[in-house]
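Okay, target-v5.cif is below, mmCIF, C-alpha atoms:
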data_start
loop_
_atom_site.label_atom_id
_atom_site.label_comp_id
_atom_site.auth_asym_id
_atom_site.auth_seq_id
_atom_site.Cartn_x
_atom_site.Cartn_y
_atom_site.Cartn_z
CA MET M 82 -1.47 2.68 -18.24
CA LYS M 83 -5.05 2.29 -19.33
CA ILE M 84 -8.00 1.91 -16.96
CA ILE M 85 -11.76 1.99 -17.43
CA CYS M 86 -14.20 2.64 -14.61
CA SER M 87 -17.56 4.29 -14.03
CA LYS M 88 -17.64 8.02 -13.30
CA ALA M 89 -19.49 7.26 -10.03
CA ASN M 90 -16.74 4.95 -8.75
CA LEU M 91 -13.98 7.31 -9.85
CA LEU M 92 -15.64 10.37 -8.30
CA TYR M 93 -16.30 8.50 -5.05
CA GLY M 94 -12.61 7.56 -4.79
CA VAL M 95 -11.37 11.04 -5.76
CA ASN M 96 -13.62 12.67 -3.14
CA ILE M 97 -12.22 10.40 -0.44
CA VAL M 98 -8.50 10.85 -1.15
CA SER M 99 -8.80 14.59 -1.89
CA LYS M 100 -9.09 15.11 1.88
CA ALA M 101 -5.34 14.36 2.16
CA VAL M 102 -4.20 16.74 -0.60
CA PRO M 103 -2.43 19.72 1.03
CA THR M 104 -3.75 23.21 0.27
CA ARG M 105 -0.26 24.72 0.42
CA THR M 106 2.99 22.85 -0.11
CA THR M 107 6.45 23.41 -1.53
CA MET M 108 6.40 19.88 -3.00
CA ALA M 109 4.38 19.96 -6.22
CA ILE M 110 4.08 16.15 -6.30
CA LEU M 111 1.99 16.27 -3.10
CA GLU M 112 -0.61 18.37 -4.93
CA CYS M 113 -1.35 15.25 -6.99
CA ILE M 114 -3.58 12.23 -6.68
CA LEU M 115 -1.71 9.04 -7.53
CA ILE M 116 -3.53 6.47 -9.67
CA ASP M 117 -1.79 3.15 -9.08
CA ALA M 118 -2.92 0.37 -11.39
CA SER M 119 0.36 -1.50 -11.27
CA SER M 120 -0.70 -4.52 -9.21
CA GLY M 121 -4.06 -5.77 -10.45
CA GLU M 122 -6.29 -3.28 -8.60
CA ILE M 123 -6.98 0.42 -9.04
CA LYS M 124 -5.80 2.44 -6.05
CA LEU M 125 -6.11 6.20 -5.58
CA ILE M 126 -3.69 7.75 -3.10
CA ALA M 127 -3.06 11.23 -1.64
CA ASN M 128 -0.58 12.18 1.06
CA ASP M 129 0.34 15.47 2.74
CA MET M 130 3.07 13.82 4.88
CA GLU M 131 0.91 14.13 8.03
CA LEU M 132 -2.20 12.40 6.69
CA GLY M 133 -2.32 9.81 3.93
CA ILE M 134 -5.42 8.25 2.37
CA GLU M 135 -5.61 5.28 0.00
CA THR M 136 -8.81 3.86 -1.44
CA ARG M 137 -9.48 1.06 -3.93
CA ILE M 138 -12.10 1.45 -6.65
CA GLU M 139 -13.70 -1.04 -9.00
CA GLY M 140 -12.77 -0.88 -12.66
CA GLU M 141 -10.97 -2.64 -15.48
CA ILE M 142 -7.21 -2.46 -15.97
CA ALA M 143 -6.47 -2.75 -19.70
CA GLU M 144 -2.81 -1.86 -19.23
CA ARG M 145 -1.01 -1.70 -15.89
CA GLY M 146 0.75 1.47 -14.86
CA ILE M 147 0.94 4.40 -12.51
CA ILE M 148 0.50 8.18 -12.86
CA ALA M 149 0.29 11.25 -10.60
CA LEU M 150 -2.28 13.86 -11.70
CA ASP M 151 -2.83 17.36 -10.34
CA ALA M 152 -5.57 16.83 -7.76
CA LYS M 153 -7.46 20.06 -8.37
CA ILE M 154 -7.64 19.72 -12.17
CA PHE M 155 -8.28 15.97 -12.10
CA SER M 156 -11.09 16.16 -9.52
CA GLU M 157 -12.79 19.05 -11.38
CA ILE M 158 -12.62 17.11 -14.67
CA VAL M 159 -14.07 13.96 -13.08
CA ARG M 160 -16.82 15.93 -11.34
CA LYS M 161 -17.99 17.47 -14.62
CA LEU M 162 -17.81 14.39 -16.86
CA PRO M 163 -21.03 12.73 -18.10
CA ASP M 164 -22.38 9.85 -15.98
CA SER M 165 -20.77 7.11 -18.00
CA ASP M 166 -17.59 5.01 -18.19
CA VAL M 167 -14.32 6.93 -18.00
CA VAL M 168 -11.15 5.80 -19.78
CA ILE M 169 -7.80 7.07 -18.48
CA GLU M 170 -4.76 6.41 -20.67
CA THR M 171 -1.15 7.51 -20.20
CA ASP M 172 2.00 7.22 -22.31
CA ALA M 173 5.72 7.08 -21.49
CA SER M 174 5.97 10.90 -21.31
CA PHE M 175 3.11 11.04 -18.73
CA LYS M 176 0.65 12.60 -21.18
CA THR M 177 -2.78 11.58 -19.96
CA ILE M 178 -5.98 11.30 -21.98
CA ILE M 179 -9.27 11.19 -20.07
CA THR M 180 -12.21 10.15 -22.25
CA CYS M 181 -15.90 9.89 -21.34
CA GLU M 182 -18.56 9.62 -24.06
CA LYS M 183 -17.77 12.57 -26.39
CA SER M 184 -15.57 14.43 -23.87
CA LYS M 185 -11.82 14.13 -24.22
CA PHE M 186 -9.24 15.85 -22.00
CA ASN M 187 -5.48 15.90 -22.56
CA ILE M 188 -3.46 16.78 -19.46
CA VAL M 189 0.14 16.25 -18.39
CA GLY M 190 0.79 14.03 -15.40
CA LYS M 191 3.91 13.37 -13.34
CA SER M 192 5.92 10.24 -12.73
CA GLY M 193 4.41 8.08 -10.02
CA ASP M 194 7.93 7.15 -8.91
CA ASP M 195 8.37 10.61 -7.35
CA PHE M 196 5.20 10.31 -5.26
CA SER M 197 5.52 9.92 -1.49
CA TYR M 198 3.69 6.72 -0.73
CA ILE M 199 1.84 6.27 2.54
CA PRO M 200 4.27 4.71 5.01
CA TYR M 201 3.74 1.03 5.79
CA ILE M 202 2.64 0.75 9.41
CA GLU M 203 3.06 -2.46 11.40
CA ARG M 204 -0.42 -3.78 12.11
CA ASN M 205 -0.20 -5.54 15.44
CA GLU M 206 -3.26 -5.34 17.72
CA MET M 207 -6.44 -4.46 15.85
CA ILE M 208 -8.99 -2.34 17.71
CA THR M 209 -12.49 -2.65 16.29
CA MET M 210 -15.60 -0.52 16.65
CA SER M 211 -18.63 0.30 14.53
CA GLN M 212 -18.31 3.09 11.97
CA PHE M 213 -21.29 4.74 13.64
CA THR M 214 -19.58 4.78 17.06
CA LEU M 215 -16.39 6.37 15.74
CA LYS M 216 -18.27 8.95 13.68
CA GLU M 217 -20.47 9.87 16.66
CA VAL M 218 -17.61 10.13 19.15
CA ILE M 219 -15.78 12.51 16.80
CA ARG M 220 -18.93 14.63 16.30
CA GLN M 221 -19.48 14.78 20.05
CA THR M 222 -15.97 16.05 20.90
CA ILE M 223 -14.29 17.68 17.88
CA PHE M 224 -15.83 21.14 18.45
CA SER M 225 -13.74 21.75 21.56
CA ILE M 226 -10.27 21.31 20.10
CA ALA M 227 -8.21 24.48 19.75
CA ASP M 228 -7.95 25.87 16.21
CA ASN M 229 -4.53 27.46 16.58
CA ASP M 230 -1.11 25.88 17.00
CA ASN M 231 -0.04 27.70 20.17
CA ASN M 232 -0.29 24.37 21.94
CA LYS M 233 -0.12 21.49 19.49
CA LEU M 234 -1.66 19.02 21.94
CA MET M 235 -4.84 21.13 22.10
CA THR M 236 -5.32 20.73 18.33
CA GLY M 237 -5.74 16.97 18.78
CA GLU M 238 -7.89 14.56 20.75
CA LEU M 239 -6.77 12.07 23.37
CA PHE M 240 -7.69 8.46 22.55
CA GLU M 241 -7.16 6.39 25.70
CA ILE M 242 -7.87 2.67 25.68
CA ASN M 243 -8.08 0.57 28.84
CA GLU M 244 -9.29 -2.99 28.37
CA ASN M 245 -12.76 -2.63 26.78
CA HIS M 246 -13.06 1.08 27.44
CA LEU M 247 -12.27 3.98 25.08
CA LYS M 248 -12.08 7.51 26.43
CA VAL M 249 -11.91 10.42 23.95
CA VAL M 250 -11.01 13.88 25.26
CA SER M 251 -10.70 17.31 23.63
CA LEU M 252 -10.05 20.71 25.19
CA ASP M 253 -9.21 24.26 24.18
CA GLY M 254 -8.49 26.00 27.50
CA HIS M 255 -12.10 27.13 28.03
CA ARG M 256 -13.90 23.80 27.97
CA ILE M 257 -13.37 20.04 27.98
CA SER M 258 -15.38 17.39 26.15
CA ILE M 259 -15.16 13.74 27.21
CA ARG M 260 -16.88 10.69 25.78
CA ASN M 261 -16.55 7.22 27.32
CA ILE M 262 -17.30 4.30 25.01
CA GLU M 263 -17.54 0.60 25.81
CA LEU M 264 -15.78 -1.61 23.24
CA LYS M 265 -16.73 -5.20 22.44
CA ASP M 266 -13.31 -6.65 23.31
CA ASN M 267 -10.47 -6.05 25.73
CA TYR M 268 -7.25 -4.42 24.50
CA GLU M 269 -3.85 -3.45 25.78
CA SER M 270 -3.71 0.00 27.40
CA LYS M 271 -2.89 2.77 24.93
CA LYS M 272 -2.86 6.56 25.16
CA VAL M 273 -2.31 8.67 22.01
CA VAL M 274 -3.20 12.13 20.71
CA VAL M 275 -4.79 12.09 17.23
CA PRO M 276 -4.71 15.33 15.18
CA GLY M 277 -8.09 17.07 14.96
CA LYS M 278 -7.64 17.49 11.19
CA THR M 279 -7.36 13.71 10.77
CA LEU M 280 -10.52 13.12 12.79
CA GLN M 281 -12.45 15.80 10.90
CA GLU M 282 -11.54 14.19 7.57
CA ILE M 283 -12.30 10.66 8.85
CA SER M 284 -15.70 11.89 9.99
CA LYS M 285 -16.44 13.25 6.50
CA ILE M 286 -15.50 10.09 4.60
CA LEU M 287 -16.68 7.45 7.07
CA PRO M 288 -20.07 6.13 5.89
CA GLY M 289 -21.18 5.77 9.53
CA SER M 290 -22.98 2.42 9.29
CA SER M 291 -23.82 0.75 12.61
CA GLU M 292 -23.39 -2.70 10.99
CA GLU M 293 -19.99 -2.06 9.34
CA GLU M 294 -16.81 -1.80 11.36
CA VAL M 295 -13.68 0.32 11.32
CA ASN M 296 -10.34 -1.17 12.41
CA LEU M 297 -7.74 0.94 14.22
CA TYR M 298 -4.04 0.16 14.57
CA ILE M 299 -1.94 2.29 16.89
CA THR M 300 1.86 2.49 16.89
CA GLU M 301 4.24 4.86 18.64
CA LYS M 302 4.01 7.53 15.91
CA HIS M 303 1.01 6.64 13.74
CA ILE M 304 -2.63 5.65 13.82
CA VAL M 305 -4.27 3.68 10.99
CA PHE M 306 -8.01 3.60 10.26
CA GLU M 307 -9.25 0.89 7.88
CA PHE M 308 -12.84 0.70 6.65
CA GLU M 309 -14.42 -0.74 3.53
CA ASN M 310 -11.87 -0.12 0.71
CA THR M 311 -10.14 2.81 2.41
CA THR M 312 -7.02 3.13 4.57
CA VAL M 313 -6.18 6.35 6.42
CA VAL M 314 -2.74 6.74 8.00
CA SER M 315 -2.01 9.70 10.26
CA ARG M 316 0.90 10.85 12.32
CA LEU M 317 0.16 11.24 16.01
CA ILE M 318 0.83 14.41 18.01
CA GLU M 319 3.79 13.76 20.28
CA GLY M 320 3.83 14.72 23.96
CA ASP M 321 1.98 13.95 27.18
CA TYR M 322 -1.65 15.02 27.15
CA PHE M 323 -2.99 17.23 29.92
CA LYS M 324 -3.81 15.64 33.26
CA ILE M 325 -7.52 16.33 33.25
CA GLU M 326 -8.48 14.10 36.20
CA GLN M 327 -7.71 16.86 38.72
CA MET M 328 -10.10 19.19 36.86
CA LEU M 329 -12.99 16.72 37.10
CA SER M 330 -14.15 17.32 40.66
CA SER M 331 -17.38 15.57 41.63
CA ASP M 332 -18.19 18.20 44.30
CA TYR M 333 -21.09 20.53 43.63
CA GLU M 334 -23.16 23.10 45.50
CA THR M 335 -25.93 23.35 42.87
CA LYS M 336 -27.45 20.55 40.81
CA VAL M 337 -29.97 21.43 38.12
CA LYS M 338 -32.13 19.11 36.00
CA ILE M 339 -33.44 20.84 32.89
CA ASN M 340 -35.01 20.05 29.51
CA LYS M 341 -32.16 20.08 27.01
CA ARG M 342 -34.18 21.27 24.03
CA GLU M 343 -35.66 24.20 25.97
CA LEU M 344 -32.25 25.32 27.22
CA LEU M 345 -30.66 25.00 23.77
CA SER M 346 -33.51 26.89 22.05
CA CYS M 347 -33.39 29.68 24.64
CA ILE M 348 -29.60 30.21 24.38
CA ASP M 349 -29.87 30.01 20.60
CA ARG M 350 -32.49 32.79 20.62
CA ALA M 351 -30.33 34.90 22.91
CA THR M 352 -27.44 34.79 20.44
CA LEU M 353 -29.57 36.71 17.94
CA LEU M 354 -28.53 39.80 19.91
CA ILE M 355 -24.79 39.12 19.68
CA LYS M 356 -22.76 40.39 16.75
CA GLU M 357 -19.82 38.36 15.42
CA GLY M 358 -16.85 38.98 17.69
CA ASP M 359 -18.89 40.32 20.63
CA LYS M 360 -18.06 38.58 23.88
CA LYS M 361 -21.38 38.92 25.64
CA PRO M 362 -22.12 36.18 28.19
CA ILE M 363 -25.42 34.44 28.81
CA ILE M 364 -26.22 34.95 32.50
CA MET M 365 -28.04 32.18 34.36
CA ASN M 366 -29.87 33.12 37.55
CA ILE M 367 -30.76 29.79 39.15
CA THR M 368 -33.31 29.82 41.95
CA ASP M 369 -35.58 27.13 43.41
CA GLU M 370 -37.77 26.14 40.47
CA LYS M 371 -36.60 28.27 37.59
CA MET M 372 -33.58 29.33 35.64
CA GLU M 373 -33.73 32.88 34.34
CA LEU M 374 -31.49 33.44 31.31
CA LYS M 375 -30.46 36.99 30.45
CA ILE M 376 -28.31 38.59 27.82
CA ASN M 377 -27.41 42.26 27.33
CA SER M 378 -25.70 43.50 24.21
CA PHE M 379 -25.33 46.67 22.12
CA ILE M 380 -28.32 45.51 20.05
CA GLY M 381 -30.67 44.93 22.97
CA SER M 382 -31.51 42.57 25.80
CA MET M 383 -33.46 39.38 26.33
CA ASN M 384 -34.56 37.35 29.31
CA GLU M 385 -36.46 34.08 29.53
CA ASP M 386 -37.44 31.66 32.31
CA ILE M 387 -37.15 27.87 32.14
CA ASP M 388 -38.64 25.44 34.67
CA ILE M 389 -36.02 23.34 36.43
CA SER M 390 -35.62 20.97 39.33
CA LYS M 391 -32.80 22.09 41.64
CA ASP M 392 -30.84 20.67 44.57
CA GLY M 393 -28.56 22.93 46.59
CA LYS M 394 -27.83 26.64 46.52
CA ASP M 395 -29.10 29.43 44.27
CA ILE M 396 -26.41 30.67 41.89
CA LEU M 397 -25.85 33.55 39.44
CA ILE M 398 -23.30 32.55 36.81
CA GLY M 399 -22.30 33.60 33.26
CA PHE M 400 -21.05 31.60 30.26
CA ASN M 401 -19.96 32.03 26.68
CA PRO M 402 -23.24 31.05 24.94
CA LYS M 403 -21.46 29.35 22.03
CA PHE M 404 -19.74 26.88 24.36
CA PHE M 405 -23.07 25.85 25.87
CA ILE M 406 -24.72 25.54 22.43
CA ASP M 407 -21.86 23.37 21.10
CA ALA M 408 -22.20 20.91 23.98
CA LEU M 409 -26.01 20.80 24.04
CA ARG M 410 -26.22 20.13 20.29
CA VAL M 411 -24.34 16.82 20.61
CA ILE M 412 -26.15 15.48 23.68
CA ASP M 413 -29.00 13.15 22.75
CA GLU M 414 -30.75 12.99 26.16
CA GLU M 415 -34.04 14.89 26.63
CA GLU M 416 -33.19 15.92 30.18
CA ILE M 417 -29.71 16.94 31.29
CA THR M 418 -28.09 17.61 34.65
CA LEU M 419 -25.82 20.59 35.36
CA TYR M 420 -23.45 20.58 38.34
CA MET M 421 -22.02 23.89 39.65
CA VAL M 422 -19.94 24.93 42.66
CA ASN M 423 -19.72 28.74 42.49
CA PRO M 424 -19.69 31.53 39.85
CA LYS M 425 -15.95 31.11 39.28
CA ALA M 426 -15.78 27.30 39.04
CA PRO M 427 -16.54 25.15 35.98
CA CYS M 428 -20.02 23.88 35.20
CA PHE M 429 -20.29 20.16 34.41
CA ILE M 430 -22.91 18.64 32.14
CA LYS M 431 -22.85 14.87 32.57
CA ASP M 432 -25.04 11.80 32.76
CA GLU M 433 -25.13 9.37 35.69
CA ASN M 434 -22.81 6.80 34.08
CA GLU M 435 -20.48 9.55 32.82
CA THR M 436 -20.68 8.31 29.23
CA PHE M 437 -20.35 12.02 28.49
CA ILE M 438 -18.85 14.88 30.49
CA TYR M 439 -18.75 18.47 29.25
CA LEU M 440 -16.88 21.01 31.38
CA ILE M 441 -17.43 24.71 30.61
CA LEU M 442 -15.57 27.51 32.38
CA PRO M 443 -17.71 30.47 33.46
CA VAL M 444 -16.95 34.06 32.51
CA ASN M 445 -16.81 37.13 34.71
CA PHE M 446 -19.94 39.00 33.68
CA ASN M 447 -20.02 41.93 36.14
CA ALA M 448 -18.12 44.29 33.83
CA ALA M 449 -19.60 42.82 30.66
CA ALA M 450 -23.20 43.06 31.81
CA ASN M 451 -23.07 46.80 32.45
#
Show me this structure written as structure tokens.
Amino acid sequence: MKIICSKANLLYGVNIVSKAVPTRTTMAILECILIDASSGEIKLIANDMELGIETRIEGEIAERGIIALDAKIFSEIVRKLPDSDVVIETDASFKTIITCEKSKFNIVGKSGDDFSYIPYIERNEMITMSQFTLKEVIRQTIFSIADNDNNKLMTGELFEINENHLKVVSLDGHRISIRNIELKDNYESKKVVVPGKTLQEISKILPGSSEEEVNLYITEKHIVFEFENTTVVSRLIEGDYFKIEQMLSSDYETKVKINKRELLSCIDRATLLIKEGDKKPIIMNITDEKMELKINSFIGSMNEDIDISKDGKDILIGFNPKFFIDALRVIDEEEITLYMVNPKAPCFIKDENETFIYLILPVNFNAAAN
């Protein structure tokens, strides 16, 4: 094999597929990036058996072929090459020469025949949305997936499609994030759980243009994302997702309208007094025209008042400040509405059309506050 392409194109492709190289594996071939120049285009591929990424890059194929190169070494070499054309040549014993201007690297590759290609997935109904929409919906929900495997379903996000409506849900046992998106077209009903890792990597490599689209294909066991020159194939998480409808009560005893930026800034300031690992709640004392926020920790205490408009009862309620910060950071509205029932029931942050719903469970602060 012999290919020639610019360092910029090569590095761009390597950075994309590197997201699917496993950090730990017993199969050495999976620690490689496959360069496939066997069919008239240059494809870079990586696959960790759960997530596979393939991207096509521009370049010249002087001699067709295929080689698997250690991802870590190869990406470091490419990153540090001069900004010029790169020539990659291999011989029958998989010796690989990478040349760029006066730099010349000799490394040993592996046979491409041993590489686990991304499985071919039947592409039936194509679901289309803008790159911007997908990137945003991931950003606005991904923070509330669980980061341990005690319950696999909590490490993923529910993608539920009904006609022209996409609902994305994530939860970790303490909070729920929901985003409702309107799609341009109508589709068959589908309900799948996409691994959080897949969505995090998609979010990093998706350019996020509002003009360009991303196409999704969903099968029983896989989801495919196609955008620009890149294809991402991921296994789905099997099992029935949690029935969240019964948690989404529309009853409330207290309704508060508040400036989002003020609330976020205030809670953010309060966290200055919390050490890593401390579980100190932010306590909200909501009365007629103000919300008093208080925090007590080993370092000190803080309290601050924010003007609000309130319907219903006064309430004294405590929350994990991080959970509130995470939700507020991804809401774009200037003014938000909080709905509460009592100090032991969840707080809802949602807009009138319910394009977003954030549910946060309160914490018992009596013992913690003293």
For the file shown, what are the residues hit by the PyMOL selection byres ((chain M and resi 237) around 6), laid out as a ChimeraX atom specification? /M:234-236,238,274-277
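Restricting the calculation to all atoms listed in the file, the smallest distance between Thr335 of chain M and any of M:Val314, M:Ile116, M:Ile398, M:Leu353 is found for M:Ile398.
Note that atom CA of His303 of chain M and atom CA of Asp230 of chain M are 19.6 Å apart.
Close contacts of segment 381-386 of chain M, defined as residues with an atom at most 9 Å away when counting all atoms listed in the file, with chain neighbours fewer than 3 positions off set aside, comprise Cys347, Arg350, Ala351, Leu354, Ile355, Lys371, Met372, Glu373, Leu374, Lys375, Ile376, Asn377 and Ser378 of chain M.
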Take the PyMOL selection byres ((chain M and resi 300) around 9), apply it to the structure above, and return the hits as a ChimeraX atom specification. /M:202-205,298-299,301-305,317
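Using all atoms listed in the file, the shortest contact distance between Thr311 of chain M and any of M:Leu239, M:Val98, M:Leu297, M:Leu91 is found at M:Val98.
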The PyMOL selection byres ((chain M and resi 198) around 8) on the file shown: which residues, as a ChimeraX atom specification? /M:126,128,196-197,199-200
Fewer than 3 positions away in the same chain doesn't count, so skip those; otherwise give me all residues within 9 Å of Ile286 of chain M, counting only C-alpha atoms, as a PyMOL selection string. chain M and resi 96-97+100+282-283+289
Proximity to Phe240 of chain M - best of M:Phe186, M:Asp129, M:Ile438, M:Arg260, all atoms listed in the file: M:Arg260
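When only C-alpha atoms are used to measure the gap to Thr436 of chain M, the shortest distance among M:Glu135, M:Glu357, M:Glu263, M:Asp166 belongs to M:Glu263.
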Restricting the calculation to all atoms listed in the file: of M:Lys272, M:Phe224, M:Gly133, M:Asp407, which residue gets closest to Val313 of chain M?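 Of the candidates, the smallest distance to Val313 of chain M is held by M:Gly133.
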Which one is closest to Ile178 of chain M: M:Lys403, M:Lys83, M:Lys394, M:Lys431? Count only C-alpha atoms.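 Going through M:Lys403, M:Lys83, M:Lys394, M:Lys431 one by one, the smallest distance to Ile178 of chain M is for M:Lys83.
Between atom CA of Pro362 of chain M and atom CA of His255 of chain M the separation is 13.5 Å.
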